[in-house]
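Enquirer: Next comes work00.csv, CSV, C-alpha atoms and all ligand atoms:
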chain,number,residue,atom,x,y,z
P,1,MET,CA,9.6,25.2,-30.3
P,2,LYS,CA,6.7,23.2,-28.9
P,3,ARG,CA,7.0,19.4,-28.5
P,4,LYS,CA,4.4,16.8,-27.5
P,5,PHE,CA,5.1,13.6,-25.6
P,6,VAL,CA,3.6,11.0,-23.3
P,7,GLY,CA,5.5,10.7,-20.0
P,8,GLN,CA,5.1,9.4,-16.5
P,9,VAL,CA,4.3,11.6,-13.5
P,10,VAL,CA,7.1,10.8,-11.1
P,11,LYS,CA,6.4,13.5,-8.5
P,12,GLY,CA,3.7,16.0,-7.6
P,13,VAL,CA,4.0,18.8,-5.0
P,14,GLY,CA,1.6,21.7,-4.6
P,15,GLY,CA,0.0,21.3,-8.0
P,16,VAL,CA,3.3,21.1,-9.9
P,17,TYR,CA,4.1,17.8,-11.5
P,18,THR,CA,7.4,16.3,-12.6
P,19,VAL,CA,6.9,14.3,-15.7
P,20,SER,CA,9.6,11.9,-17.1
P,21,ASP,CA,9.9,11.0,-20.7
P,22,GLY,CA,12.3,8.2,-19.8
P,23,GLU,CA,15.4,10.4,-20.3
P,24,SER,CA,14.7,13.7,-18.8
P,25,THR,CA,12.1,15.3,-16.6
P,26,VAL,CA,10.0,18.4,-17.2
P,27,LYS,CA,8.1,20.5,-14.7
P,28,CYS,CA,4.4,20.5,-15.7
P,29,TYR,CA,1.2,22.3,-14.8
P,30,PRO,CA,-2.2,20.6,-15.5
P,31,ARG,CA,-4.6,22.1,-17.9
P,32,GLY,CA,-8.0,23.4,-16.6
P,33,LYS,CA,-10.2,20.6,-15.2
P,34,LEU,CA,-7.1,18.4,-14.5
P,35,ARG,CA,-6.2,20.9,-11.8
P,36,ARG,CA,-8.9,19.5,-9.5
P,37,GLN,CA,-7.5,17.3,-6.7
P,38,GLY,CA,-7.5,13.6,-7.5
P,39,GLU,CA,-7.4,14.0,-11.3
P,40,ILE,CA,-3.7,13.3,-11.6
P,41,PHE,CA,-2.0,10.4,-9.7
P,42,ILE,CA,1.7,9.8,-9.3
P,43,GLY,CA,2.5,7.0,-11.8
P,44,ASP,CA,0.0,8.3,-14.4
P,45,MET,CA,1.0,8.4,-18.0
P,46,VAL,CA,0.1,11.8,-19.3
P,47,GLU,CA,0.1,13.8,-22.5
P,48,VAL,CA,2.3,16.8,-22.3
P,49,GLU,CA,2.8,19.8,-24.5
P,50,CYS,CA,5.8,21.8,-23.7
P,51,ASP,CA,8.4,24.4,-24.6
P,52,LYS,CA,10.2,25.5,-21.4
P,53,GLU,CA,7.5,24.4,-19.1
P,54,GLY,CA,5.0,21.6,-19.7
P,55,ILE,CA,1.2,21.6,-19.8
P,56,ILE,CA,-0.5,18.3,-18.9
P,57,GLU,CA,-3.3,17.9,-21.5
P,58,GLY,CA,-4.6,14.5,-20.7
P,59,VAL,CA,-4.3,11.4,-18.6
P,60,LYS,CA,-4.0,7.9,-20.2
P,61,PRO,CA,-6.2,5.1,-19.0
P,62,ARG,CA,-4.8,3.5,-15.8
P,63,LYS,CA,-3.8,-0.1,-15.5
P,64,SER,CA,-4.3,0.1,-11.7
P,65,CYS,CA,-5.1,2.8,-9.3
P,66,LEU,CA,-4.9,2.9,-5.5
P,67,THR,CA,-6.5,5.8,-3.8
P,68,ARG,CA,-4.6,5.4,-0.5
P,69,PRO,CA,-1.7,5.8,-1.2
P,70,TYR,CA,-2.6,7.8,-4.3
P,71,VAL,CA,-0.6,6.0,-7.0
P,72,ALA,CA,-1.5,4.7,-10.5
P,73,ASN,CA,-0.2,1.9,-12.7
P,74,ILE,CA,1.7,0.0,-10.1
P,75,ASP,CA,2.2,-3.8,-10.4
P,76,ALA,CA,2.5,-4.5,-6.7
P,77,VAL,CA,2.2,-3.0,-3.3
P,78,ILE,CA,4.8,-3.6,-0.6
P,79,ILE,CA,3.1,-3.6,2.7
P,80,VAL,CA,5.7,-2.8,5.4
P,81,ILE,CA,5.2,-3.7,9.1
P,82,ALA,CA,7.7,-3.8,12.0
P,83,PRO,CA,7.8,-4.7,15.7
P,84,ILE,CA,7.8,-0.9,16.3
P,85,PRO,CA,5.5,0.9,15.8
P,86,LYS,CA,2.9,-1.7,16.9
P,87,PRO,CA,1.5,-3.3,13.8
P,88,ASP,CA,-2.1,-2.5,12.7
P,89,PHE,CA,-3.2,-5.7,11.0
P,90,THR,CA,-6.6,-4.2,10.1
P,91,LEU,CA,-4.6,-1.8,8.0
P,92,VAL,CA,-2.7,-4.7,6.4
P,93,ASP,CA,-6.0,-6.5,5.7
P,94,LYS,CA,-7.3,-3.3,4.1
P,95,LEU,CA,-4.3,-2.8,1.9
P,96,LEU,CA,-4.6,-6.4,0.8
P,97,ILE,CA,-8.3,-5.7,-0.1
P,98,GLY,CA,-7.1,-2.7,-2.2
P,99,SER,CA,-4.5,-4.8,-4.0
P,100,LEU,CA,-7.1,-7.6,-4.8
P,101,GLU,CA,-9.5,-5.0,-6.0
P,102,GLN,CA,-7.0,-3.6,-8.4
P,103,GLY,CA,-5.6,-6.9,-9.5
P,104,ILE,CA,-2.1,-6.2,-8.3
P,105,GLU,CA,0.3,-8.3,-6.3
P,106,ALA,CA,1.0,-7.7,-2.6
P,107,PHE,CA,4.2,-8.4,-0.6
P,108,ILE,CA,4.4,-8.1,3.1
P,109,VAL,CA,7.8,-7.0,4.4
P,110,ILE,CA,8.6,-7.4,8.1
P,111,ASN,CA,11.2,-4.7,8.6
P,112,LYS,CA,13.5,-4.1,11.7
P,113,CYS,CA,13.8,-7.9,11.8
P,114,GLU,CA,16.8,-7.6,14.2
P,115,LEU,CA,14.5,-6.4,16.9
P,116,ASP,CA,12.6,-8.5,19.5
P,117,GLY,CA,9.2,-9.7,18.3
P,118,ALA,CA,10.1,-9.8,14.6
P,119,GLN,CA,10.2,-13.6,14.4
P,120,GLU,CA,6.7,-13.8,16.0
P,121,LEU,CA,5.5,-11.2,13.5
P,122,TYR,CA,6.9,-13.3,10.7
P,123,GLU,CA,5.1,-16.5,12.0
P,124,PHE,CA,1.9,-14.5,12.5
P,125,ALA,CA,2.0,-13.1,9.0
P,126,ARG,CA,2.8,-16.5,7.5
P,127,SER,CA,-0.3,-18.0,9.1
P,128,ASP,CA,-2.8,-15.1,8.7
P,129,TYR,CA,-1.8,-14.2,5.1
P,130,LYS,CA,-0.9,-17.6,3.8
P,131,GLY,CA,-1.4,-17.7,0.0
P,132,GLN,CA,-2.2,-14.0,-0.2
P,133,ALA,CA,1.1,-12.3,-0.1
P,134,GLU,CA,4.8,-13.2,-0.3
P,135,ILE,CA,6.4,-12.4,3.0
P,136,PHE,CA,9.9,-11.0,3.4
P,137,LEU,CA,12.1,-10.3,6.5
P,138,THR,CA,14.3,-7.3,6.3
P,139,SER,CA,16.6,-5.1,8.4
P,140,VAL,CA,17.9,-1.9,7.0
P,141,ASP,CA,20.1,-1.5,10.0
P,142,GLU,CA,21.8,-4.9,9.6
P,143,ASN,CA,21.4,-5.1,5.8
P,144,ILE,CA,19.3,-8.3,5.9
P,145,GLY,CA,17.0,-9.3,3.1
P,146,ILE,CA,17.3,-6.1,1.2
P,147,ASP,CA,18.9,-7.5,-1.9
P,148,GLU,CA,16.5,-10.5,-2.0
P,149,LEU,CA,13.6,-8.0,-2.0
P,150,CYS,CA,15.2,-5.9,-4.6
P,151,LYS,CA,15.7,-8.9,-6.9
P,152,ARG,CA,12.1,-10.0,-6.3
P,153,ILE,CA,10.8,-6.6,-7.3
P,154,GLY,CA,12.9,-6.9,-10.4
P,155,LYS,CA,11.5,-4.7,-13.2
P,156,MET,CA,8.1,-4.1,-11.6
P,157,PHE,CA,6.7,-0.8,-10.6
P,158,VAL,CA,5.9,-1.0,-6.9
P,159,CYS,CA,4.8,1.2,-4.1
P,160,MET,CA,5.6,1.2,-0.5
P,161,ALA,CA,2.7,1.3,2.0
P,162,GLY,CA,2.2,1.1,5.7
P,163,GLN,CA,2.1,3.0,8.9
P,164,SER,CA,4.4,5.9,9.6
P,165,GLY,CA,7.8,4.9,11.1
P,166,VAL,CA,7.9,1.3,9.9
P,167,GLY,CA,10.9,2.1,7.7
P,168,LYS,CA,9.4,2.5,4.1
P,169,SER,CA,11.8,5.3,3.2
P,170,SER,CA,14.7,3.5,4.9
P,171,ILE,CA,14.1,0.3,2.8
P,172,LEU,CA,13.8,2.4,-0.3
P,173,ASN,CA,17.1,4.1,0.3
P,174,ALA,CA,18.7,0.7,1.0
P,175,LEU,CA,17.1,-0.7,-2.2
P,176,LEU,CA,18.4,2.3,-4.2
P,177,GLY,CA,21.8,2.2,-2.5
P,178,GLU,CA,21.5,6.0,-2.1
P,179,ASP,CA,19.9,8.2,0.4
P,180,LYS,CA,17.2,9.8,-1.6
P,181,CYS,CA,14.4,9.8,0.9
P,182,ALA,CA,14.3,11.6,4.2
P,183,ILE,CA,14.2,9.2,7.2
P,184,GLY,CA,12.5,10.1,10.4
P,185,ASP,CA,13.2,9.5,14.1
P,186,ILE,CA,10.5,7.6,15.8
P,187,SER,CA,9.5,9.4,19.0
P,188,ILE,CA,10.5,6.9,21.6
P,189,LYS,CA,7.9,7.9,24.1
P,190,SER,CA,4.9,7.0,22.0
P,191,ALA,CA,6.7,4.6,19.6
P,192,ARG,CA,4.8,6.3,16.8
P,193,GLY,CA,6.2,7.7,13.7
P,194,ARG,CA,5.8,11.4,12.8
P,195,HIS,CA,5.1,11.3,9.1
P,196,THR,CA,8.5,12.1,7.7
P,197,THR,CA,7.6,11.5,4.0
P,198,ARG,CA,5.0,14.0,2.9
P,199,HIS,CA,4.5,13.3,-0.8
P,200,VAL,CA,4.6,10.3,-3.2
P,201,GLU,CA,7.7,10.1,-5.4
P,202,ILE,CA,9.0,7.5,-7.8
P,203,PHE,CA,12.6,6.2,-7.9
P,204,LYS,CA,14.4,3.8,-10.3
P,205,SER,CA,15.8,0.6,-8.7
P,206,ALA,CA,19.1,-1.1,-9.5
P,207,TYR,CA,17.3,-3.9,-11.4
P,208,GLY,CA,15.4,-1.6,-13.7
P,209,GLY,CA,12.2,-1.4,-11.7
P,210,GLN,CA,10.5,1.6,-10.2
P,211,ILE,CA,9.6,2.1,-6.5
P,212,ALA,CA,7.3,4.8,-5.1
P,213,ASP,CA,7.7,6.0,-1.6
P,214,THR,CA,4.6,7.2,0.1
P,215,CYS,CA,3.6,8.7,3.5
P,216,GLY,CA,2.4,6.6,6.3
P,217,PHE,CA,-1.3,6.7,6.9
P,218,SER,CA,-4.0,5.4,9.2
P,219,MET,CA,-7.2,3.3,8.7
P,220,LEU,CA,-9.4,6.3,8.8
P,221,GLU,CA,-8.1,7.6,5.6
P,222,MET,CA,-8.8,4.4,3.7
P,223,PRO,CA,-11.6,4.4,1.0
P,224,VAL,CA,-15.1,3.4,1.9
P,225,ILE,CA,-15.9,-0.3,0.9
P,226,ASP,CA,-19.3,-1.6,0.0
P,227,PRO,CA,-20.1,-3.9,3.0
P,228,SER,CA,-22.0,-6.4,0.8
P,229,VAL,CA,-18.9,-7.1,-1.3
P,230,LEU,CA,-16.3,-7.1,1.4
P,231,ARG,CA,-16.4,-10.9,1.8
P,232,GLU,CA,-15.3,-11.3,-1.8
P,233,TYR,CA,-11.9,-9.9,-0.9
P,234,TYR,CA,-11.2,-12.8,1.5
P,235,PRO,CA,-9.9,-15.6,-0.7
P,236,ASP,CA,-8.8,-17.5,2.4
P,237,PHE,CA,-12.5,-17.6,3.6
P,238,GLU,CA,-13.7,-19.0,0.3
P,239,PRO,CA,-13.4,-22.8,0.9
P,240,TYR,CA,-15.4,-22.4,4.1
P,241,ALA,CA,-17.9,-19.9,2.8
P,242,GLU,CA,-19.0,-22.6,0.3
P,243,LYS,CA,-20.5,-24.4,3.3
P,244,CYS,CA,-22.5,-21.4,4.6
P,245,LYS,CA,-26.2,-22.0,4.7
P,246,TYR,CA,-26.9,-18.8,2.8
P,247,ARG,CA,-25.1,-18.0,-0.4
P,248,ASP,CA,-25.0,-14.3,0.4
P,249,CYS,CA,-23.8,-15.0,4.0
P,250,ARG,CA,-21.7,-12.2,5.4
P,251,HIS,CA,-20.3,-14.4,8.1
P,252,ASP,CA,-21.6,-12.3,10.9
P,253,CYS,CA,-24.5,-13.6,13.0
P,254,GLU,CA,-26.1,-15.7,10.3
P,255,GLU,CA,-27.1,-19.3,11.3
P,256,ASP,CA,-25.0,-22.2,10.1
P,257,CYS,CA,-22.0,-20.1,8.8
P,258,GLY,CA,-19.1,-22.1,7.4
P,259,VAL,CA,-16.6,-19.4,8.1
P,260,ARG,CA,-17.5,-19.0,11.7
P,261,ARG,CA,-17.4,-22.8,12.1
P,262,ALA,CA,-13.9,-22.9,10.6
P,263,VAL,CA,-12.8,-20.3,13.1
P,264,GLU,CA,-14.2,-22.3,16.0
P,265,GLU,CA,-12.5,-25.4,14.7
P,266,GLY,CA,-9.2,-23.5,14.4
P,267,LYS,CA,-9.0,-23.9,10.7
P,268,LEU,CA,-9.1,-20.1,10.1
P,269,SER,CA,-7.3,-17.5,12.2
P,270,SER,CA,-9.6,-16.0,14.7
P,271,GLY,CA,-7.7,-12.7,14.6
P,272,ARG,CA,-8.2,-12.4,10.9
P,273,TYR,CA,-11.9,-13.2,11.3
P,274,GLU,CA,-12.3,-10.7,14.2
P,275,ARG,CA,-10.6,-8.0,12.0
P,276,TYR,CA,-13.0,-8.9,9.1
P,277,LEU,CA,-16.0,-8.3,11.4
P,278,LYS,CA,-14.5,-5.1,12.5
P,279,LEU,CA,-13.9,-4.0,8.9
P,280,TYR,CA,-17.4,-5.2,8.0
P,281,LYS,CA,-19.1,-3.2,10.8
P,282,ASP,CA,-16.9,-0.2,10.0
P,283,ALA,CA,-17.8,-0.5,6.3
P,284,ILE,CA,-21.6,-0.5,7.2
P,285,LYS,CA,-21.2,2.6,9.3
P,286,ARG,CA,-19.2,4.5,6.8
P,287,TRP,CA,-21.3,3.4,3.9
P,288,ASN,CA,-24.5,4.5,5.7
P,289,ASN,CA,-22.9,7.9,6.6
P,290,ARG,CA,-22.1,8.4,2.9
P,291,TYR,CA,-24.9,6.8,1.0
P,292,GLY,CA,-27.8,6.3,3.4
P,293,ASN,CA,-29.0,3.0,4.9
P,294,HIS,CA,-27.6,-0.1,3.4
P,301,LIG,N1,16.0,-0.9,14.3
P,301,LIG,C1,15.7,-0.6,13.1
P,301,LIG,N2,15.3,0.7,12.8
P,301,LIG,C2,15.0,0.9,11.5
P,301,LIG,C3,15.1,0.0,10.5
P,301,LIG,N3,14.7,0.5,9.3
P,301,LIG,C4,14.3,1.8,9.6
P,301,LIG,N4,14.5,2.1,10.9
P,301,LIG,C5,14.2,3.3,11.7
P,301,LIG,O1,12.8,3.6,11.7
P,301,LIG,C6,12.6,5.0,11.7
P,301,LIG,C7,11.5,5.4,10.7
P,301,LIG,O2,12.1,5.1,9.4
P,301,LIG,P1,11.4,5.8,8.0
P,301,LIG,O3,12.1,5.1,6.9
P,301,LIG,O4,11.5,7.3,8.1
P,301,LIG,O5,9.9,5.3,8.1
P,301,LIG,P2,8.7,5.6,7.1
P,301,LIG,O6,7.9,4.3,7.1
P,301,LIG,O7,9.3,6.1,5.8
P,301,LIG,O8,7.9,6.7,7.8
P,301,LIG,P3,6.9,7.9,7.1
P,301,LIG,O9,7.7,8.5,6.0
P,301,LIG,O10,6.6,8.8,8.3
P,301,LIG,O11,5.7,7.2,6.6
P,301,LIG,C8,14.0,5.6,11.5
P,301,LIG,O12,14.4,6.1,12.8
P,301,LIG,C9,14.8,4.5,10.9
P,301,LIG,O13,16.2,4.7,11.2
P,301,LIG,C10,15.6,-1.3,10.8
P,301,LIG,O14,15.8,-2.2,10.0
P,301,LIG,N5,15.9,-1.5,12.1
P,302,MG,MG,9.0,7.8,4.7
P,303,ZN,ZN,-21.0,-17.4,6.5
Rewrite the structure from the file as C-alpha cells, please.

Expert:
Amino acid sequence: MKRKFVGQVVKGVGGVYTVSDGESTVKCYPRGKLRRQGEIFIGDMVEVECDKEGIIEGVKPRKSCLTRPYVANIDAVIIVIAPIPKPDFTLVDKLLIGSLEQGIEAFIVINKCELDGAQELYEFARSDYKGQAEIFLTSVDENIGIDELCKRIGKMFVCMAGQSGVGKSSILNALLGEDKCAIGDISIKSARGRHTTRHVEIFKSAYGGQIADTCGFSMLEMPVIDPSVLREYYPDFEPYAEKCKYRDCRHDCEEDCGVRRAVEEGKLSSGRYERYLKLYKDAIKRWNNRYGNH
C-alpha cells in the first residue's frame, strides 16, 4: 500500500537519500528533475510517496540554505577552528558572511584547547569576532567544554563547518556520546587533514537538537559573492563606515574612509580588515570571471 508523508532528508549518498518521518527512515530516490545535482539538500523537508522504497516528489520551501556546506533549514552554523591545522581566518570570515546572509546564528568553537596556541586563538577570536559569534573552547581529548556546547545547541538544528582535521566529527561524536562519525588521523608532516568525512549526515543530540556533520573544505569552494554588497556583511565595520566620505565606499582606496581610519587608529582589527580586502579583491576577480566586468 502506498503512503505519503513529509519528512526530513538526513543523509544523501550517490543519489540515494535517507528520509526520516520522525520515527523511522526510508530510502528514497528523487523524481525526474529533482535528480539534478543541487536540487535536494541535506536538511530539506520533502514530500515522499512510498511503498517499499520512497520517491521524493517535491521539496518544501527552505528556512535557510547554505551552499557550502550543502545543508538546508539549519538554525546555526558551528565554525570549528583549532591550533592544528593552522586556522584560515578568511574561511571563518566567509562562513560568517554565509550565516549573516541566511539569517542564522554562528558559533565559533576553538577545539583542541589543551594544545599550545589555543588560548591565543581564543583571545584572537574574541577580539576579531566580538559581537558576531559566541565563542567556545573545547577539547575532545580532555572532555572540556563539550557539555556546555551541547546545552547551548539545545534543540536547534546546527551544522558543523570548518577545515578538514579541526575535529568536527570528533566533537560531534563527543556531543552524541557515541562514535557515529569516522575520525581521521592528521598527517603529521603537513599538519593538514585528509578529508575523513565525505558526506553530510544529520544526527540527533542528547538535548533534542540535530547536528549535521560535514566535510572540511577550502576557500576556493565557497560561493561567489557580489563585491558591491560584501561590505554589508561586516556589522563590526558599520559604526565607522558611517563616517566614510562616500555612502557606497567599499573601504579600499577611497579618500576619507572611516573604516580605514578606524584600522589606523587601532579601533578595528587590522587582520580582519586585511582579510576583508582580500575577500573583496577575490570577489571582484571571481565575479568578473563569471559575469563579466563589474
Ligand atoms: N589534540 C586533540 N586532537 C583532537 C581533538 N579533537 C579531535 N582531535 C584529532 O583531530 C583529528 C581530526 O579529527 P576529525 O574529527 O576527523 O576532524 P574533521 O574536522 O571531522 O575532519 P574532516 O572530516 O576531514 O573534515 C583526529 O586525529 C582527532 O583525534 C582535541 O580536542 N585535541
Ligand atoms: Mg569529519
Ligand atoms: Zn570606507

Enquirer: Using all atoms listed in the file, find each residue of chain P with at least one atom at most 10 Å away from an atom of ligand ZN 303 (chain P); report its shortest atom-to-atom pair and that distance in Å (one decimal), sort the rows by chain and rising residue number, and return the result as CSV.

Expert:
residue,atom,partner,partner_atom,distance
P:Arg231,CA,P:ZN303,ZN,9.2
P:Phe237,CA,P:ZN303,ZN,9.0
P:Glu238,CA,P:ZN303,ZN,9.7
P:Tyr240,CA,P:ZN303,ZN,7.9
P:Ala241,CA,P:ZN303,ZN,5.4
P:Glu242,CA,P:ZN303,ZN,8.3
P:Lys243,CA,P:ZN303,ZN,7.7
P:Cys244,CA,P:ZN303,ZN,4.7
P:Lys245,CA,P:ZN303,ZN,7.2
P:Tyr246,CA,P:ZN303,ZN,7.1
P:Arg247,CA,P:ZN303,ZN,8.0
P:Asp248,CA,P:ZN303,ZN,7.9
P:Cys249,CA,P:ZN303,ZN,4.5
P:Arg250,CA,P:ZN303,ZN,5.4
P:His251,CA,P:ZN303,ZN,3.5
P:Asp252,CA,P:ZN303,ZN,6.8
P:Cys253,CA,P:ZN303,ZN,8.3
P:Glu254,CA,P:ZN303,ZN,6.6
P:Glu255,CA,P:ZN303,ZN,8.0
P:Asp256,CA,P:ZN303,ZN,7.2
P:Cys257,CA,P:ZN303,ZN,3.7
P:Gly258,CA,P:ZN303,ZN,5.1
P:Val259,CA,P:ZN303,ZN,5.1
P:Arg260,CA,P:ZN303,ZN,6.5
P:Arg261,CA,P:ZN303,ZN,8.6
P:Ala262,CA,P:ZN303,ZN,9.9

Enquirer: Could you check the closest approach to ligand MG 302 (chain P) for each of P:Phe203, P:Leu175, P:Lys168, P:Gly292 and tell me which residue wins, using all atoms listed in the file?

Expert: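 Closest to ligand MG 302 (chain P), using all atoms listed in the file: P:Lys168.
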
Enquirer: Using Å and a single decimal, report how far atom CA of P:Gly167 sits from atom O13 of ligand LIG 301 (chain P).

Expert: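 Taking atom O13 of ligand LIG 301 (chain P) as the start and atom CA of P:Gly167 as the end point, the length is 6.9 Å.
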
Enquirer: Rounded to one decimal in Å, what is the spacing between atom CA of P:Ser269 and atom CA of P:Asp128?

Expert: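 Those two atoms sit 6.2 Å apart.
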
Enquirer: Using only C-alpha atoms, which of the listed residues (P:Ala125, P:Cys28, P:Ala82, P:Val166) sits closest to P:Arg272?

Expert: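 Using only C-alpha atoms, P:Arg272 sits closest to P:Ala125.
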
Enquirer: Do a neighbour search on P:Lys60 at 10 Å with all atoms listed in the file, toss out local chain neighbours closer than 2 positions, and write the hits as a list in words.

Expert: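 Returned residues: Val6, Gly7, Gln8, Asp44, Met45, Val46, Glu47, Gly58, Arg62 and Lys63 of chain P.
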